[in-house]
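A.B. asks: One structure, pasted below without further comment.
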Amino acid sequence: MSLRPSWIRALALCVSVPVLASCASTSTGNPPVLAPSTSAAPTGLTVTPPSPDPRVGLRAGVHDAGEAIWNLRLLSNTPKPDPFDATNSDLAFVGDYAIQGNYNGFQVWDISDPRAPRLRKGYFCPASQSDVSVYRNLLFVSGEAPSARLDCGGQGVDETVSEDRLRGIRIFDISDLDNPVNVGNVQTCRGSHTHTVLEHPGDTENVYVYISGSSRVRPAEELPGCVGVMPDEDPNTALFRIEVIRVPVNNPAAAAIVSSPRIFEDLVSPPRHGEAPADVAAAEARGDFVVQVEGQYRILRGRVIESMLDSIAAARGGSTVTAADSAALRQALPRIAAQLFGGEGEGRGPSQCHDITVYPWAGLAGGACGGYGLLLDISDPVNPRRVDEVADRNFSYWHSATFSNDASKVLFTDEWGGGGGPKCRIDDPYEWGANALFTINDGQMEFQSYYKMPAPQTSLENCVAHNGSLIPIPGRDVMVQGWYQGGISVFDWTDPANPVEIAFHDRGPLNPDRQTSAGSWSVYWYNGVLVNSEIARGLDIFELTPSEVLTQNEIDAANTVHLTHLNAQGQPHFVWPPSFALARAFVDQLERNNGLAADRIRATRQALDSAEGRSSSERRGALNNVASSLENDVARSVDPTRVESLVEAVRRLAAAGG
Amino acid sequence: MRKSALSLLAGSLLVGAAGCGQTAREPVIVTPAPGGVAAAAAVSDSVRSSYTPADAAFMTGMIHHHAQALVMSAMAPTHGASPALQTMAARIINGQKDEIALMQQWLRDQDLPVTDPAAGGMDAPMHGGHHDMQMAGMLSAEQLANLDAARGEEFDRLYLTYMIQHHQGAIIMVDELLATDGAAQNEMVFKLASDIGADQSSEIERMRTMLIALLFGDGGSLHPPTDRTP
C-alpha cells in the first residue's frame, strides 16, 4: 500500500507504546508474528450448510423464541435491566467490560465470565442512538434525537431552540467504573448519529473523534455557525462536512471541533470534454442549447431537445415544432436547471457520512456516505483526504465499512431502510441491503461481489446488513455481522468474489402479530467470544465451535490475539504471537486446500507434536528442522504464500523458545 | 448518613441486576437526572411514545406522499424505462411501501385513523391531487399525465425530473416537522423522519447524476462495478 507512512509500519511492532493499540507482544518482549497476508490461492472451503435452513419458520417470542444455531455455541443471554427497557444499540469494549449503548444511556457489563455477565454499572441518560466508544479512561456517547437533554432527564425538549438540548457527543471519565463522570459535551450541527474515535499514534496528547450526523441541521439560534444552505451560498455549511473533534486526553472538558473537512465535494464527475467559453459561444451560434449546471456549462443532447420541443408543441395543441417553441425552451432552461440542480434542496455529493471506519494501521478510512463508499487517507487526522469513491448500480446507501486485516479489501454495508424494515424476505433482491465487497489496488476500489445473510426472514422481522467486525483467524478474512432479526452471520470473504457463510444464529420474530424492532444491532469478536447487542433481548455471548469450515486449531490461533479494548469503527490491526496453535492452524488450512500433500501434512503434524513434547533446549532445534523441511514444499505448493506463513510461524516459535 | 445511603441503594437496585460484590455506597444504576432513575425512566418511556398533532399530520401526509411515488414508480416497467431506472424505481417501491406499512402501524398504535392511500376517488394522490392532499413536491394531474404518456428515454427524463421534485417535497415536510415545537420527541417519528430525510437526499443525488448523464450525454456516474448478475 503506497499510502502507508512509515510510522504506521513501526506501529505494527508496538512493543511499548502506551496508546491502547491491539498489540499481541508477549511480556518477554518477543516480537509478534507479523500478520500474514491472506493468500490469493484457492481456499478449499467446501461448506455444507444445514438444509433445509433451520432459520426458516422459527417460533416467535421474546425470551422463548425458536432458535437456530450452526457452528456456534450460545454461552449466555442476559436480559436488559429495567431502566434500559429501550432499544439496545452499539458496543465498545475495555478490559473485561462490554459497554452497551441503549437509547436510555449505557450499561457496563463485566464479561470476565462470559457465561454469567454481571452488570457493573448502568448510567441512565437518554439519547438515541447512544453509540459508544472508549479510549483509555474516556467514554464517548453519541446523541442525535431532539429529545436528548444535557441533564440526562427523560422529559425531552419541546422547543426547537433550547439550551437544554444535547445533540453531539457526551464525554465521560470512567477511571472509576463505579462512578462515571460526565466531564464534557461537544454540541455539533447535525447531532451525532454515530462517531469514530481515531487514535493517532503520532499524537499521544489528544484523541480525535469523527462525528457522523445524518439528521437535520440545527438552527443557528441553538448552535451558532450551523448553516443549512448550498456551499456556494455559504462555504461554511454543515450540510457537506464531517466534524472532527479534538479531545485533549488530560483535559477532556476542552474537547472542541477542530476542523470540518469537506470530503464530499465534486463527487459528480465533470464532463469529459470541458466546455470553454469559446466552445459555449460557438455552440450557441450553431443553435445548440447550453445550460449551466453546478458551475459547468453543458450542451443538451439532440434527442432530449427534440423530446422537450415536442412536449412544448403538444402542450399548445400544435403538431409540429416552431421557432417560437424553440425560443420558449431556450428561455425556460435556466429556470429548469435551477430547480433541478441548484437552489433549494441538497446539492452535489452526499451531504453526510452515516459512518466512518478508520484503520489507523493502514492510514485509511472507509466512509459510507449517502450512496457513495469513500476511501479516505487519514495520515493527517485533522484533514482526511478523499482518495477514491464508488457507487453501485443497485443504489445501495452504505452504512459502514470494514477493511480486511491487510487492507487489500474493504466492504461496505447497505443498511437499506435504516434497520427498520424487513429486507430479507424471500422476494427482496439479494443485492439489496447486503454487503458490497471491493478489492483495493493502488488506492482504487474494484467491486467483487455482494454478500447477504442467506436465510429468508418474515415480514415481521426487521432485517438488513448492520454492524460487525473481523474474527482474527490467521490467513483468512472472516467477519461476524449483525443482521437485526436476521440474527448473526459469520462469513469468510478471503476470496472476495465468492464469500461464504460459515456459522450463524437466529431467533424467531419478537412479536408474532406485528413488526417490531429487535435482533442484532451489532456483534463483535472480542478476546475469544462473540458479543451481540440484542436490541430487545439484552446481551448474547457466543463462542465459535469447530467444524469442516473451521478447525479447533484455527479457533485457538484466533484466541491468541488479545485486545486491550475495541471500538469496531476504529478497526484494530491483528497480529498473532508465536504459538503452536498458529502453526497448526496453517497446517489445517493447507490440508483443506491441498497446499501440502497428505504425507507432508501428516509428517508436519507429527513433527510439531514431537517438538512440543521436547524440553525447551531441544525444542528450538526441532522446530527449526520442521521449518527447513517445509521450505522445500513452498515451490511446488498451489498455495506457496500459506506455506511460507507456516514456515515463518514455526521459525518465530523456535526463536521464542517454543 | 449510612442509613440514607442504604435506602438509596435499596431504592435503586433493580431486581435481577447482580449487585453482589458492589460496594454498598454506590447503586449499580445511577443518573444525574433530577428525581432518580425510576422516575426518569418512566417519564422517558412516556415521552418516547407520546405524540403531537404535528407528528400525526406528518405520518398521515407522508403516507399519501409515498403513495404517489409508488404510482409513479409502478410505471417504469411498462413505459420502457432504462434498466438502471427500473432498478431505482423498484427500490423506491420496496422501500416506500414498507415505510407506508410502518406509518400505518404507528397510526393504529395511537388509535388514530389509519390512512389508506388506495381509498378515495378524485381526491386520491394517484389522480394528481385534490389540493387538500397536495403536499410539497407532489405532482399535479398534468404532470402525472405527462409521465404516463411518456415512453423510453423521455419517460426516464420525466421520471427523474418529477421524482427529484417529489423527494425535495418530502425533505421539506421533514424539515417543517423538525422545526415544530414538541415534534419528533416520539422515537418512531424521529427515526422515520430522519431516515426519510437521509434516504431521499441520497436518492436525489443519484437521480441528479442520472439526469445529467441523460441530458448532456456525460459519463456522470462513478466507477460502476462489474455487474455480477446472479
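Labels for the C-alpha cells follow display order: chains A, B, ..., residues from 1 in each chain, ligands from 1.
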With 6 Å as the limit and counting only C-alpha atoms, what residues in chain A lie close to chain B? Please list them as a ChimeraX atom specification.
C.D. replies: /A:83,118,121-124,147,151-155,158-160,215,268-269,271,299-301,345,370-371,390,392,447
A.B. asks: Write out as a PyMOL selection string the residues lying within 7 Å of range 497-513 of chain A, counting only C-alpha atoms and excluding same-chain residues fewer than 2 positions away.
C.D. replies: chain A and resi 55+58-62+65-72+448-449+451+460-461+485-493+495+515-516+518+549
A.B. asks: Which of these residues is nearest to Gln331 in chain A, using only C-alpha atoms: A:Pro261, A:Ile473, A:Arg149, A:Val291?
C.D. replies: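 Using only C-alpha atoms, Gln331 in chain A sits closest to A:Val291.
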A.B. asks: Contacts of Ala92 in chain A at 6 Å or less, counting only C-alpha atoms, minus same-chain residues fewer than 4 places along, as a list of chain:residue names?
C.D. replies: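 Non-adjacent residues within range: A:Ala98, A:Ile99, A:Val132, A:Ser133, A:Leu566, A:Asn567.
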A.B. asks: Which of these residues is nearest to Met138 in chain B, using only C-alpha atoms: B:Met72, B:Ala81, B:Met210, B:Ile93?
C.D. replies: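 Of the candidates, the smallest distance to Met138 in chain B is held by B:Met72.
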A.B. asks: Figure out the distance between CA of Gln571 in chain A and CA of Ala401 in chain A, please, to one decimal in Å.
C.D. replies: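 Value for the CA of Ala401 in chain A-CA of Gln571 in chain A distance: 9.8 Å.
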A.B. asks: Do you know which residues are at most 10 Å from Thr78 in chain B counting only C-alpha atoms, after dropping those on the same chain fewer than 6 positions away, and could you put them as a PyMOL selection string?
C.D. replies: chain B and resi 86+148+151-152
A.B. asks: Please produce a file of those selected residues containing N, CA, C and O atoms, as a compact mmCIF listing (two decimals), in the first residue's frame.
C.D. replies:
# COMPACT_ATOMS: atom_id res chain seq x y z
N GLN B 86 -35.28 1.27 -13.91
CA GLN B 86 -36.18 0.24 -13.39
C GLN B 86 -35.68 -0.26 -12.04
O GLN B 86 -36.47 -0.51 -11.13
N ASP B 148 -47.25 9.52 -17.57
CA ASP B 148 -47.93 8.31 -18.05
C ASP B 148 -47.89 8.19 -19.56
O ASP B 148 -47.90 7.09 -20.11
N ARG B 151 -42.63 7.44 -22.99
CA ARG B 151 -42.04 6.13 -23.14
C ARG B 151 -40.55 6.25 -23.33
O ARG B 151 -40.06 7.27 -23.83
N GLY B 152 -39.83 5.20 -22.96
CA GLY B 152 -38.40 5.13 -23.23
C GLY B 152 -37.63 6.25 -22.56
O GLY B 152 -37.85 6.56 -21.38
A.B. asks: Residues within 12 Å of Asp109 in chain B, please, as a VMD selection string. Count only C-alpha atoms; anything in the same chain fewer than 2 positions from it doesn't count.
C.D. replies: (chain A and resid 514 516) or (chain B and resid 49 to 51 56 102 to 107 111 to 114 188)
A.B. asks: Okay, now the selection with N, CA, C and O atoms, as a short mmCIF file (atom, residue, chain, number, x, y, z; two decimals), in the first residue's frame?
C.D. replies:
data_model
loop_
_atom_site.label_atom_id
_atom_site.label_comp_id
_atom_site.auth_asym_id
_atom_site.auth_seq_id
_atom_site.Cartn_x
_atom_site.Cartn_y
_atom_site.Cartn_z
N ARG A 514 -47.01 -8.46 14.74
CA ARG A 514 -46.70 -7.18 14.11
C ARG A 514 -45.20 -7.03 14.02
O ARG A 514 -44.45 -7.69 14.75
N THR A 516 -41.94 -5.53 14.94
CA THR A 516 -41.32 -4.72 16.00
C THR A 516 -39.81 -4.83 15.84
O THR A 516 -39.30 -5.84 15.36
N SER B 49 -43.13 7.67 23.63
CA SER B 49 -44.29 7.09 22.96
C SER B 49 -45.45 8.08 22.81
O SER B 49 -46.47 7.73 22.23
N SER B 50 -45.28 9.31 23.26
CA SER B 50 -46.37 10.28 23.06
C SER B 50 -46.16 10.97 21.71
O SER B 50 -45.17 10.76 21.05
N TYR B 51 -47.14 11.79 21.33
CA TYR B 51 -47.02 12.45 20.02
C TYR B 51 -47.81 13.75 20.03
O TYR B 51 -48.65 13.98 20.88
N ALA B 56 -48.67 13.49 14.02
CA ALA B 56 -49.76 12.75 13.37
C ALA B 56 -49.98 13.25 11.95
O ALA B 56 -50.17 12.45 11.03
N LEU B 102 -45.21 0.83 8.02
CA LEU B 102 -44.76 1.26 9.35
C LEU B 102 -45.56 2.45 9.83
O LEU B 102 -45.93 2.52 11.01
N MET B 103 -45.83 3.40 8.93
CA MET B 103 -46.58 4.60 9.31
C MET B 103 -48.03 4.24 9.64
O MET B 103 -48.60 4.78 10.60
N GLN B 104 -48.60 3.31 8.90
CA GLN B 104 -49.97 2.88 9.19
C GLN B 104 -50.02 2.17 10.55
O GLN B 104 -50.94 2.39 11.33
N GLN B 105 -49.00 1.37 10.81
CA GLN B 105 -48.96 0.69 12.10
C GLN B 105 -48.85 1.70 13.24
O GLN B 105 -49.46 1.52 14.30
N TRP B 106 -48.05 2.72 13.02
CA TRP B 106 -47.90 3.78 14.04
C TRP B 106 -49.23 4.45 14.32
O TRP B 106 -49.62 4.65 15.48
N LEU B 107 -49.97 4.77 13.26
CA LEU B 107 -51.28 5.42 13.45
C LEU B 107 -52.22 4.50 14.22
O LEU B 107 -52.93 4.92 15.14
N ASP B 111 -54.20 4.76 18.10
CA ASP B 111 -55.66 4.81 17.96
C ASP B 111 -56.11 5.96 17.08
O ASP B 111 -57.15 6.57 17.32
N LEU B 112 -55.31 6.27 16.08
CA LEU B 112 -55.67 7.30 15.12
C LEU B 112 -56.20 6.62 13.86
O LEU B 112 -55.87 5.45 13.60
N PRO B 113 -57.00 7.34 13.08
CA PRO B 113 -57.48 6.73 11.83
C PRO B 113 -56.30 6.38 10.93
O PRO B 113 -55.37 7.18 10.77
N VAL B 114 -56.36 5.19 10.35
CA VAL B 114 -55.25 4.72 9.53
C VAL B 114 -55.47 5.13 8.09
O VAL B 114 -56.43 4.71 7.46
N MET B 188 -40.33 6.72 17.20
CA MET B 188 -40.58 6.19 15.86
C MET B 188 -40.70 7.33 14.85
O MET B 188 -40.22 7.23 13.73
#
A.B. asks: Per DSSP on the backbone, filter range 281-446 of chain A down to the residues in strand (DSSP E or B) and report them as a PyMOL selection string.
C.D. replies: chain A and resi 290-293+296-299+355-359+364-369+372-377+385-390+398-403+409-414+422+435-441+444-446
A.B. asks: Using Å and a single decimal, report how far CA of His195 in chain A sits from CA of Leu376 in chain A.
C.D. replies: 15.9 Å
A.B. asks: Could you work out how far CA of Gly595 in chain A lies from CA of Arg642 in chain A, giving the answer in Å with one decimal?
C.D. replies: 7.9 Å
A.B. asks: Within 12 Å of Gln68 in chain B, counting only C-alpha atoms, which residues show up once you throw out same-chain ones fewer than 5 positions away? Write them as a PyMOL selection string, please.
C.D. replies: chain B and resi 61-63+73-75+92-93+96-97+100+117-118+124-129+133-141+143-144+162-163+166-167+169-170
A.B. asks: Could you please write out, as a ChimeraX atom specification, every residue of range 19-227 of chain B that DSSP assigns to alpha helix (DSSP H)?
C.D. replies: /B:37-49,53-74,83-109,141-149,152-178,187-216
